[in-house]
Number of protein chains: 2
Amino acid sequence: MKIRINEVGPRDGLQSQGKTLSVESRLSLIQALVKAGLKSVEAGSFVSPKAVPQMAGTDDLFALLPERNAVRYAGLVPNMKGYELAVAAGANVVNVVLSVTETMNQKNICMSLPQTVEVCTAIIERGRREGVEVQAYLAVAFECPFEGLVEPAVVARFAKLVKQAGASRVIIADTIGAANPEHVRRLLDAVISEVGSDILSCHFHDTRGMALANITAAVDRGVREFDSSIGGLGGCPFSPGATGNVATEDVVLLLNSMGYGTGINPLDLIPVVSLAEQLTGVSLGGKSFRWLSQQSSKASAAGTPHGG
Amino acid sequence: MKIRINEVGPRDGLQSQGKTLSVESRLSLIQALVKAGLKSVEAGSFVSPKAVPQMAGTDDLFALLPERNAVRYAGLVPNMKGYELAVAAGANVVNVVLSVTETMNQKNICMSLPQTVEVCTAIIERGRREGVEVQAYLAVAFECPFEGLVEPAVVARFAKLVKQAGASRVIIADTIGAANPEHVRRLLDAVISEVGSDILSCHFHDTRGMALANITAAVDRGVREFDSSIGGLGGCPFSPGATGNVATEDVVLLLNSMGYGTGINPLDLIPVVSLAEQLTGVSLGGKSFRWLSQQSSKASAAGTPHGG
């Protein structure tokens with residue numbers, strides 16, 4: 001059975017870095033990810049370069065993306081102008097973010113929750129009319145850094161709302177890495193009863209070390225798509241305590257080991273982690289990185305090619 | 001519902017360190033663990049100090065252990081002489097190790113598998129006659145570094161054998177950190193059908209980052225005791241590729257978050273990780289360590305006591 005890995009390093013990962021990378025550097029990271037077998041990549045966001053300088057030139061970046069027919073490239077947008085820029089740049093998929101608590105919206109984007117709902121649904125509905133795939137992230141779905149634990153019923157209600165508006169996928173995001181496997185089950189049971197599991201993806205952070213346990217719990221509930229970030233690159237700059245997207249190499253190794261097909265050889269991700277480290281200047285690598293690196297060295301020493 | 005954490009840092013952890021600690025240093029680590037709430041500790045092994053200098057003086061150590069009535073202290077023994085030393089030293093529990101493959105026994109302890117079975121069952125049976133609790137570790141239960149994947153039925157057969165001999169507990173050990181949640185389920189289903197779940201513990205390594213996912217899978221199957229090592233201290237010096245016991249702070253945080261009672265506040269483990277780092281001179285800390293350290297600092301700044 002197949003599971004899709006959606007790589008978010010080039011957007012979610014790079015956006016929170018102190019160092020701003022050039023379009024060429026960001027492109028080189030995406031090229032390496034695609035070469036390693038990633039078929040779904042969040043490539044950038046269409047936001048004001050004043051607000052998020054790390055994402056400046058995303059339209060130029062989209063014009064240069066490799067294997068446009070084989071890879072699904074998403075762009076994050078904060079508003080209708082962003083949607084228009086993303087579509088003009090040729091994004092296959094447009095991502096919108098709906099934080100499910102009032103305070104998170106106010107602190108994160110200076111909008112009320114009803115305002116965010118309005119903006120998101122307008123973009124989703126326009127995408128449906130124009131034949132553009134729009135995905136909805138439900139952020140802080142487990143716990144909000146300002147309001148605490150979130151009721152699963154609240155998330156289920158928003159999932160239903162964005163699905164009805166026409167969202168192609170609903171992504172349950174553990175923005176601050178607060179989920180545990182029991183909470184994942186409770187939340188997914190509530191959400192699946194409203195929208196089913198086929199439309200769902202999950203986005204976990206490994207802040208408390210539980211991301212792979214949470215992914216396993218979600219796989220058990222039928223979820224077949226997960227976000228991850230190469231080497232664990234990134235976090236959320238606006239959420240206190242949010243560090244560390246779950247690392248792509250960890251997720252691929254877990255799912256492959258469990259017998260699911262990701263289409264990716266985790267050993268092929270090792271040079272991409274190194275490239276990301278080189279570009280950002282930060283030390284990266286998931287929990288399995290050291291072990292994978294050892295396996296990769298052994299394979300190289302034995303002259304065994306491993307794809308890519 | 002309660003889950004018991006069995007701390008193995010002072011034995012399994014320290015045994016693989018390059019630096020040999022004095023009895024006083026090992027005692028200080030155990031004192032800190034007990035102060036943090038650990039009620040079950042593998043304190044040392046009764047082996048030749050020539051073979052394993054890190055464990056020299058374990059009999060002296062046992063004479064000094066704190067809270068002997070409230071804490072369950074185990075000693076690992078390789079043979080009948082070790083059993084006698086452990087009992088003389090006042091160990092509450094004696095641990096024996098049965099690697100379930102022929103090659104692992106040969107490489108690890110220079111005995112054949114049938115010889116190891118004979119030694120282990122003789123110790124277990126003697127413990128039963130003398131009223132001494134003997135636990136049996138089934139090592140390389142998932143995968144052997146020499147023979148590859150191990151059939152669940154093989155492990156189930158050994159579990160039945162040691163239970164019938166009188167072992168108080170059977171510990172399924174993923175000695176090289178090769179398990180994944182699917183494999184855990186398959187193996188536990190086979191073992192539980194032979195011996196039930198009440199007698200089982202699990203010992204996972206976090207080499208490939210999957211230990212917490214594996215523990216979650218084992219909890220789902222009814223296992224209510226897990227080994228872990230403070231800060232992830234240790235590994236197995238004789239097994240190629242074995243690095244990193246799962247960290248006690250990670251396991252406690254996971255299980256507490258899921259609503260199980262471990263009787264331990266993970267924040268109380270932070271100073272113990274620091275002590276273990278100081279004593280061994282190696283950098284330690286599980287996947288949750290950074291986050292827990294932040295929480296600990298916040299709690300201190302707010303003047304909030306957190307036990308211990």
# chains A, B, ... in the order shown; residues from 1 in each chain; ligands from 1

$ residues_around --residues "Arg157 of chain B" --least-positions-apart "6" --cutoff "10 Å" --atoms "only C-alpha atoms" --output "ChimeraX atom specification"
/B:100,163,190-191,194-195

$ interface_residues --of "chain B" --to "chain A" --cutoff "8 Å" --atoms "only C-alpha atoms" --output "PyMOL selection string"
chain B and resi 180-183+206-210+212-214+216+241+250+253-254+257-258+286-289+291-292

$ write_last_selection --atoms "N, CA, C and O atoms" --output "compact mmCIF listing (two decimals), in the first residue's frame"
# COMPACT_ATOMS: atom_id res chain seq x y z
N ASN B 180 10.16 -2.31 13.94
CA ASN B 180 9.21 -1.27 13.53
C ASN B 180 7.84 -1.68 14.09
O ASN B 180 7.66 -2.83 14.50
N PRO B 181 6.89 -0.75 14.15
CA PRO B 181 5.62 -1.06 14.82
C PRO B 181 4.89 -2.29 14.26
O PRO B 181 4.29 -3.05 15.02
N GLU B 182 4.95 -2.50 12.96
CA GLU B 182 4.30 -3.68 12.38
C GLU B 182 4.96 -4.96 12.88
O GLU B 182 4.28 -5.94 13.22
N HIS B 183 6.28 -4.95 12.93
CA HIS B 183 7.02 -6.11 13.40
C HIS B 183 6.73 -6.36 14.89
O HIS B 183 6.56 -7.51 15.32
N ASP B 206 16.76 3.06 20.14
CA ASP B 206 16.23 4.11 19.28
C ASP B 206 17.14 4.37 18.07
O ASP B 206 17.07 5.44 17.46
N THR B 207 17.91 3.37 17.71
CA THR B 207 18.89 3.49 16.63
C THR B 207 18.30 4.08 15.35
O THR B 207 18.92 4.89 14.67
N ARG B 208 17.09 3.65 15.01
CA ARG B 208 16.46 4.12 13.77
C ARG B 208 15.30 5.08 14.06
O ARG B 208 14.47 5.34 13.18
N GLY B 209 15.25 5.56 15.30
CA GLY B 209 14.27 6.58 15.64
C GLY B 209 12.86 6.06 15.90
O GLY B 209 11.93 6.85 16.06
N MET B 210 12.68 4.75 15.93
CA MET B 210 11.32 4.20 16.00
C MET B 210 10.92 3.69 17.38
O MET B 210 9.85 3.09 17.53
N LEU B 212 9.81 4.98 20.19
CA LEU B 212 8.53 5.39 20.79
C LEU B 212 7.34 4.85 20.00
O LEU B 212 6.30 4.52 20.58
N ALA B 213 7.49 4.75 18.70
CA ALA B 213 6.42 4.13 17.89
C ALA B 213 6.29 2.66 18.26
O ALA B 213 5.17 2.12 18.35
N ASN B 214 7.42 2.00 18.51
CA ASN B 214 7.39 0.59 18.90
C ASN B 214 6.78 0.40 20.29
O ASN B 214 6.02 -0.54 20.53
N THR B 216 4.61 2.37 21.68
CA THR B 216 3.17 2.58 21.53
C THR B 216 2.49 1.31 21.01
O THR B 216 1.42 0.92 21.51
N GLY B 241 26.21 -1.91 14.98
CA GLY B 241 25.05 -1.10 14.63
C GLY B 241 24.11 -0.80 15.78
O GLY B 241 23.12 -0.11 15.61
N ASP B 250 12.22 10.32 27.25
CA ASP B 250 11.30 10.21 26.11
C ASP B 250 10.14 9.25 26.42
O ASP B 250 8.99 9.52 26.08
N LEU B 253 7.75 10.78 29.07
CA LEU B 253 6.92 11.85 28.49
C LEU B 253 5.83 11.26 27.60
O LEU B 253 4.66 11.66 27.67
N LEU B 254 6.20 10.28 26.77
CA LEU B 254 5.21 9.63 25.90
C LEU B 254 4.08 9.01 26.70
O LEU B 254 2.90 9.28 26.46
N SER B 257 1.92 11.42 28.66
CA SER B 257 1.06 12.18 27.73
C SER B 257 -0.13 11.34 27.28
O SER B 257 -1.23 11.86 27.06
N MET B 258 0.11 10.04 27.13
CA MET B 258 -0.97 9.15 26.67
C MET B 258 -1.93 8.79 27.80
O MET B 258 -2.91 8.07 27.58
N GLY B 286 17.56 12.42 25.15
CA GLY B 286 16.65 11.86 24.15
C GLY B 286 16.09 12.96 23.26
O GLY B 286 16.49 14.12 23.34
N LYS B 287 15.14 12.53 22.41
CA LYS B 287 14.56 13.44 21.43
C LYS B 287 13.79 14.58 22.09
O LYS B 287 13.65 15.66 21.54
N SER B 288 13.26 14.33 23.30
CA SER B 288 12.46 15.35 23.98
C SER B 288 13.30 16.20 24.92
O SER B 288 12.77 17.10 25.57
N PHE B 289 14.58 15.90 25.02
CA PHE B 289 15.42 16.52 26.05
C PHE B 289 15.44 18.04 25.96
O PHE B 289 15.32 18.75 26.97
N TRP B 291 13.26 20.10 24.59
CA TRP B 291 11.96 20.66 24.96
C TRP B 291 11.74 20.57 26.47
O TRP B 291 11.32 21.55 27.10
N LEU B 292 12.05 19.42 27.05
CA LEU B 292 11.89 19.26 28.49
C LEU B 292 12.77 20.23 29.25
O LEU B 292 12.35 20.80 30.26

$ select_by_dssp --residues "segment 109-284 of chain B" --states "alpha helix (DSSP H)" --output "PyMOL selection string"
chain B and resi 109+113-130+152-165+181-195+211-220+248-257+270-280

$ atom_distance --atom1 "atom CA of Leu85 of chain B" --atom2 "atom CA of Val41 of chain B"
17.8 Å

$ select_by_dssp --residues "segment 112-266 of chain A" --states "strand (DSSP E or B)" --output "mmCIF file with C-alpha atoms, in the first residue's frame"
data_model
loop_
_atom_site.group_PDB
_atom_site.id
_atom_site.type_symbol
_atom_site.label_atom_id
_atom_site.label_comp_id
_atom_site.auth_asym_id
_atom_site.auth_seq_id
_atom_site.Cartn_x
_atom_site.Cartn_y
_atom_site.Cartn_z
ATOM 1 C CA GLU A 133 -6.438 22.426 -6.343
ATOM 2 C CA VAL A 134 -6.530 24.130 -2.937
ATOM 3 C CA GLN A 135 -5.501 22.312 0.244
ATOM 4 C CA ALA A 136 -6.460 23.493 3.707
ATOM 5 C CA TYR A 137 -4.101 23.223 6.666
ATOM 6 C CA LEU A 138 -5.849 23.126 10.029
ATOM 7 C CA ALA A 139 -3.087 24.538 12.241
ATOM 8 C CA GLU A 143 -2.891 22.254 21.039
ATOM 9 C CA CYS A 144 -2.610 26.008 20.707
ATOM 10 C CA GLY A 148 -4.119 25.107 25.226
ATOM 11 C CA LEU A 149 -5.689 21.811 24.202
ATOM 12 C CA ARG A 169 -7.146 17.861 0.971
ATOM 13 C CA VAL A 170 -7.400 18.649 4.660
ATOM 14 C CA ILE A 171 -4.111 18.624 6.556
ATOM 15 C CA ILE A 172 -4.257 18.148 10.313
ATOM 16 C CA ALA A 173 -1.266 20.086 11.642
ATOM 17 C CA LEU A 200 -6.697 13.715 5.145
ATOM 18 C CA SER A 201 -2.989 14.345 5.524
ATOM 19 C CA CYS A 202 -1.084 14.885 8.761
ATOM 20 C CA HIS A 203 1.695 17.315 9.586
ATOM 21 C CA HIS A 205 6.529 18.145 14.535
ATOM 22 C CA GLU A 225 -0.198 11.187 3.266
ATOM 23 C CA PHE A 226 2.266 12.902 5.589
ATOM 24 C CA ASP A 227 4.235 16.122 5.575
ATOM 25 C CA SER A 228 7.893 16.006 6.512
ATOM 26 C CA SER A 229 10.986 18.158 6.148
ATOM 27 C CA GLY A 235 9.707 24.876 12.710
ATOM 28 C CA THR A 243 10.872 23.315 16.927
ATOM 29 C CA ASN A 245 9.365 19.344 11.646
ATOM 30 C CA ALA A 247 12.510 14.584 9.351
ATOM 31 C CA GLY A 261 5.535 2.102 -0.409
#

$ atom_distance --atom1 "atom CA of Pro152 of chain A" --atom2 "atom CA of Val184 of chain A"
9.4 Å

$ closest_residue --among "A:Gly127, A:Gly82, A:Gly75, A:Gly244" --to "Gly44 of chain A" --atoms "only C-alpha atoms"
A:Gly75

$ atom_distance --atom1 "atom CA of Ser22 of chain B" --atom2 "atom CA of Ala91 of chain B"
19.4 Å

$ residues_around --residues "segment 8-16 of chain B" --least-positions-apart "3" --cutoff "9 Å" --atoms "only C-alpha atoms" --output "PDB file with N, CA, C and O atoms, in the first residue's frame"
ATOM      1  N   LYS B  19      34.665   5.088  29.156  1.00  0.00           N
ATOM      2  CA  LYS B  19      35.146   5.473  30.483  1.00  0.00           C
ATOM      3  C   LYS B  19      34.551   4.547  31.549  1.00  0.00           C
ATOM      4  O   LYS B  19      33.351   4.283  31.545  1.00  0.00           O
ATOM      5  N   THR B  20      35.412   4.041  32.430  1.00  0.00           N
ATOM      6  CA  THR B  20      34.924   3.199  33.529  1.00  0.00           C
ATOM      7  C   THR B  20      34.688   4.081  34.755  1.00  0.00           C
ATOM      8  O   THR B  20      35.585   4.816  35.180  1.00  0.00           O
ATOM      9  N   LEU B  21      33.477   4.013  35.295  1.00  0.00           N
ATOM     10  CA  LEU B  21      33.142   4.843  36.454  1.00  0.00           C
ATOM     11  C   LEU B  21      33.422   4.097  37.752  1.00  0.00           C
ATOM     12  O   LEU B  21      33.270   2.869  37.823  1.00  0.00           O
ATOM     13  N   ARG B  26      28.873   5.469  40.096  1.00  0.00           N
ATOM     14  CA  ARG B  26      27.699   4.689  39.680  1.00  0.00           C
ATOM     15  C   ARG B  26      26.600   4.815  40.732  1.00  0.00           C
ATOM     16  O   ARG B  26      25.413   4.932  40.397  1.00  0.00           O
ATOM     17  N   LEU B  27      26.990   4.803  42.004  1.00  0.00           N
ATOM     18  CA  LEU B  27      26.009   4.966  43.081  1.00  0.00           C
ATOM     19  C   LEU B  27      25.324   6.324  42.991  1.00  0.00           C
ATOM     20  O   LEU B  27      24.102   6.431  43.163  1.00  0.00           O
ATOM     21  N   LEU B  29      24.736   8.092  40.413  1.00  0.00           N
ATOM     22  CA  LEU B  29      23.745   8.074  39.322  1.00  0.00           C
ATOM     23  C   LEU B  29      22.467   7.361  39.767  1.00  0.00           C
ATOM     24  O   LEU B  29      21.347   7.838  39.530  1.00  0.00           O
ATOM     25  N   ILE B  30      22.626   6.227  40.430  1.00  0.00           N
ATOM     26  CA  ILE B  30      21.452   5.473  40.892  1.00  0.00           C
ATOM     27  C   ILE B  30      20.673   6.271  41.935  1.00  0.00           C
ATOM     28  O   ILE B  30      19.430   6.315  41.909  1.00  0.00           O
ATOM     29  N   SER B  40      12.451   0.851  39.657  1.00  0.00           N
ATOM     30  CA  SER B  40      13.000  -0.401  39.142  1.00  0.00           C
ATOM     31  C   SER B  40      14.261  -0.054  38.365  1.00  0.00           C
ATOM     32  O   SER B  40      14.215   0.733  37.412  1.00  0.00           O
ATOM     33  N   VAL B  41      15.394  -0.582  38.825  1.00  0.00           N
ATOM     34  CA  VAL B  41      16.684  -0.184  38.256  1.00  0.00           C
ATOM     35  C   VAL B  41      17.573  -1.411  38.066  1.00  0.00           C
ATOM     36  O   VAL B  41      17.744  -2.204  38.996  1.00  0.00           O
ATOM     37  N   GLU B  42      18.098  -1.567  36.851  1.00  0.00           N
ATOM     38  CA  GLU B  42      19.143  -2.570  36.645  1.00  0.00           C
ATOM     39  C   GLU B  42      20.452  -1.908  37.085  1.00  0.00           C
ATOM     40  O   GLU B  42      20.971  -1.014  36.408  1.00  0.00           O
ATOM     41  N   ALA B  43      20.964  -2.347  38.230  1.00  0.00           N
ATOM     42  CA  ALA B  43      22.024  -1.589  38.894  1.00  0.00           C
ATOM     43  C   ALA B  43      23.425  -2.000  38.463  1.00  0.00           C
ATOM     44  O   ALA B  43      24.372  -1.224  38.604  1.00  0.00           O
ATOM     45  N   GLY B  44      23.583  -3.229  37.973  1.00  0.00           N
ATOM     46  CA  GLY B  44      24.916  -3.662  37.572  1.00  0.00           C
ATOM     47  C   GLY B  44      24.897  -5.095  37.104  1.00  0.00           C
ATOM     48  O   GLY B  44      23.836  -5.719  37.025  1.00  0.00           O
ATOM     49  N   SER B  45      26.085  -5.609  36.768  1.00  0.00           N
ATOM     50  CA  SER B  45      26.140  -7.018  36.390  1.00  0.00           C
ATOM     51  C   SER B  45      27.247  -7.711  37.176  1.00  0.00           C
ATOM     52  O   SER B  45      28.242  -7.091  37.551  1.00  0.00           O
ATOM     53  N   VAL B  52      34.538  -7.227  31.712  1.00  0.00           N
ATOM     54  CA  VAL B  52      33.767  -5.981  31.676  1.00  0.00           C
ATOM     55  C   VAL B  52      34.207  -5.091  32.848  1.00  0.00           C
ATOM     56  O   VAL B  52      33.555  -5.051  33.898  1.00  0.00           O
ATOM     57  N   PRO B  53      35.289  -4.345  32.667  1.00  0.00           N
ATOM     58  CA  PRO B  53      35.803  -3.524  33.774  1.00  0.00           C
ATOM     59  C   PRO B  53      34.806  -2.471  34.250  1.00  0.00           C
ATOM     60  O   PRO B  53      34.835  -2.073  35.410  1.00  0.00           O
ATOM     61  N   GLN B  54      33.895  -2.061  33.340  1.00  0.00           N
ATOM     62  CA  GLN B  54      32.911  -1.033  33.711  1.00  0.00           C
ATOM     63  C   GLN B  54      32.003  -1.482  34.852  1.00  0.00           C
ATOM     64  O   GLN B  54      31.364  -0.663  35.508  1.00  0.00           O
ATOM     65  N   MET B  55      31.905  -2.814  35.061  1.00  0.00           N
ATOM     66  CA  MET B  55      30.986  -3.333  36.075  1.00  0.00           C
ATOM     67  C   MET B  55      31.726  -3.874  37.302  1.00  0.00           C
ATOM     68  O   MET B  55      31.127  -4.539  38.149  1.00  0.00           O
ATOM     69  N   GLY B  75      20.269  -7.353  38.974  1.00  0.00           N
ATOM     70  CA  GLY B  75      21.651  -7.537  38.548  1.00  0.00           C
ATOM     71  C   GLY B  75      21.695  -8.562  37.422  1.00  0.00           C
ATOM     72  O   GLY B  75      21.017  -9.591  37.476  1.00  0.00           O
ATOM     73  N   LEU B  76      22.468  -8.242  36.406  1.00  0.00           N
ATOM     74  CA  LEU B  76      22.606  -9.167  35.276  1.00  0.00           C
ATOM     75  C   LEU B  76      23.666 -10.213  35.600  1.00  0.00           C
ATOM     76  O   LEU B  76      24.715  -9.879  36.152  1.00  0.00           O
ATOM     77  N   ASP B 227      11.886  -1.142  29.401  1.00  0.00           N
ATOM     78  CA  ASP B 227      13.233  -0.725  29.745  1.00  0.00           C
ATOM     79  C   ASP B 227      13.520   0.618  29.082  1.00  0.00           C
ATOM     80  O   ASP B 227      13.032   0.900  27.973  1.00  0.00           O
ATOM     81  N   SER B 228      14.331   1.423  29.745  1.00  0.00           N
ATOM     82  CA  SER B 228      14.836   2.635  29.107  1.00  0.00           C
ATOM     83  C   SER B 228      16.094   3.053  29.856  1.00  0.00           C
ATOM     84  O   SER B 228      16.381   2.533  30.933  1.00  0.00           O
ATOM     85  N   SER B 229      16.824   3.984  29.256  1.00  0.00           N
ATOM     86  CA  SER B 229      18.114   4.382  29.819  1.00  0.00           C
ATOM     87  C   SER B 229      18.171   5.904  29.878  1.00  0.00           C
ATOM     88  O   SER B 229      17.875   6.582  28.896  1.00  0.00           O
ATOM     89  N   ILE B 230      18.548   6.426  31.026  1.00  0.00           N
ATOM     90  CA  ILE B 230      18.545   7.886  31.211  1.00  0.00           C
ATOM     91  C   ILE B 230      19.392   8.574  30.128  1.00  0.00           C
ATOM     92  O   ILE B 230      20.542   8.186  29.881  1.00  0.00           O
ATOM     93  N   GLY B 231      18.780   9.525  29.457  1.00  0.00           N
ATOM     94  CA  GLY B 231      19.486  10.277  28.422  1.00  0.00           C
ATOM     95  C   GLY B 231      19.833   9.470  27.181  1.00  0.00           C
ATOM     96  O   GLY B 231      20.518   9.952  26.291  1.00  0.00           O
ATOM     97  N   GLY B 232      19.352   8.202  27.132  1.00  0.00           N
ATOM     98  CA  GLY B 232      19.691   7.335  26.002  1.00  0.00           C
ATOM     99  C   GLY B 232      21.079   6.717  26.149  1.00  0.00           C
ATOM    100  O   GLY B 232      21.631   6.166  25.181  1.00  0.00           O
ATOM    101  N   LEU B 233      21.617   6.789  27.361  1.00  0.00           N
ATOM    102  CA  LEU B 233      22.946   6.237  27.656  1.00  0.00           C
ATOM    103  C   LEU B 233      23.087   4.790  27.178  1.00  0.00           C
ATOM    104  O   LEU B 233      22.266   3.945  27.498  1.00  0.00           O
ATOM    105  N   GLY B 234      24.139   4.530  26.406  1.00  0.00           N
ATOM    106  CA  GLY B 234      24.508   3.144  26.121  1.00  0.00           C
ATOM    107  C   GLY B 234      24.091   2.559  24.799  1.00  0.00           C
ATOM    108  O   GLY B 234      23.612   3.235  23.901  1.00  0.00           O
ATOM    109  N   GLY B 235      24.279   1.286  24.710  1.00  0.00           N
ATOM    110  CA  GLY B 235      24.044   0.513  23.500  1.00  0.00           C
ATOM    111  C   GLY B 235      24.548  -0.878  23.790  1.00  0.00           C
ATOM    112  O   GLY B 235      24.624  -1.265  24.941  1.00  0.00           O
ATOM    113  N   CYS B 236      24.886  -1.629  22.793  1.00  0.00           N
ATOM    114  CA  CYS B 236      25.457  -2.950  23.053  1.00  0.00           C
ATOM    115  C   CYS B 236      26.828  -3.019  22.407  1.00  0.00           C
ATOM    116  O   CYS B 236      26.951  -2.919  21.185  1.00  0.00           O
ATOM    117  N   PRO B 237      27.885  -3.163  23.213  1.00  0.00           N
ATOM    118  CA  PRO B 237      29.231  -3.094  22.651  1.00  0.00           C
ATOM    119  C   PRO B 237      29.551  -4.246  21.706  1.00  0.00           C
ATOM    120  O   PRO B 237      30.469  -4.163  20.907  1.00  0.00           O
ATOM    121  N   PHE B 238      28.778  -5.341  21.803  1.00  0.00           N
ATOM    122  CA  PHE B 238      29.094  -6.516  20.992  1.00  0.00           C
ATOM    123  C   PHE B 238      28.263  -6.604  19.713  1.00  0.00           C
ATOM    124  O   PHE B 238      28.468  -7.472  18.895  1.00  0.00           O
ATOM    125  N   GLY B 244      22.332   3.361  21.194  1.00  0.00           N
ATOM    126  CA  GLY B 244      21.253   4.123  21.774  1.00  0.00           C
ATOM    127  C   GLY B 244      20.070   3.371  22.299  1.00  0.00           C
ATOM    128  O   GLY B 244      19.129   3.067  21.559  1.00  0.00           O
ATOM    129  N   ASN B 245      20.106   3.064  23.594  1.00  0.00           N
ATOM    130  CA  ASN B 245      18.872   2.679  24.264  1.00  0.00           C
ATOM    131  C   ASN B 245      17.894   3.834  24.145  1.00  0.00           C
ATOM    132  O   ASN B 245      18.291   5.004  24.095  1.00  0.00           O
ATOM    133  N   THR B 248      15.013   7.381  28.832  1.00  0.00           N
ATOM    134  CA  THR B 248      13.975   7.326  29.864  1.00  0.00           C
ATOM    135  C   THR B 248      13.051   8.541  29.796  1.00  0.00           C
ATOM    136  O   THR B 248      11.823   8.404  29.898  1.00  0.00           O
ATOM    137  N   ALA B 276      24.505  12.276  34.355  1.00  0.00           N
ATOM    138  CA  ALA B 276      25.046  11.169  33.553  1.00  0.00           C
ATOM    139  C   ALA B 276      26.051  11.687  32.520  1.00  0.00           C
ATOM    140  O   ALA B 276      27.074  11.055  32.261  1.00  0.00           O
ATOM    141  N   THR B 280      29.988  10.547  32.580  1.00  0.00           N
ATOM    142  CA  THR B 280      30.516   9.758  31.462  1.00  0.00           C
ATOM    143  C   THR B 280      31.344  10.593  30.488  1.00  0.00           C
ATOM    144  O   THR B 280      32.130  10.051  29.709  1.00  0.00           O
TER     145      THR B 280
END

$ closest_residue --among "B:Val223, B:Val272, B:Ala299, B:Leu279" --to "Lys2 of chain B" --atoms "only C-alpha atoms"
B:Val223
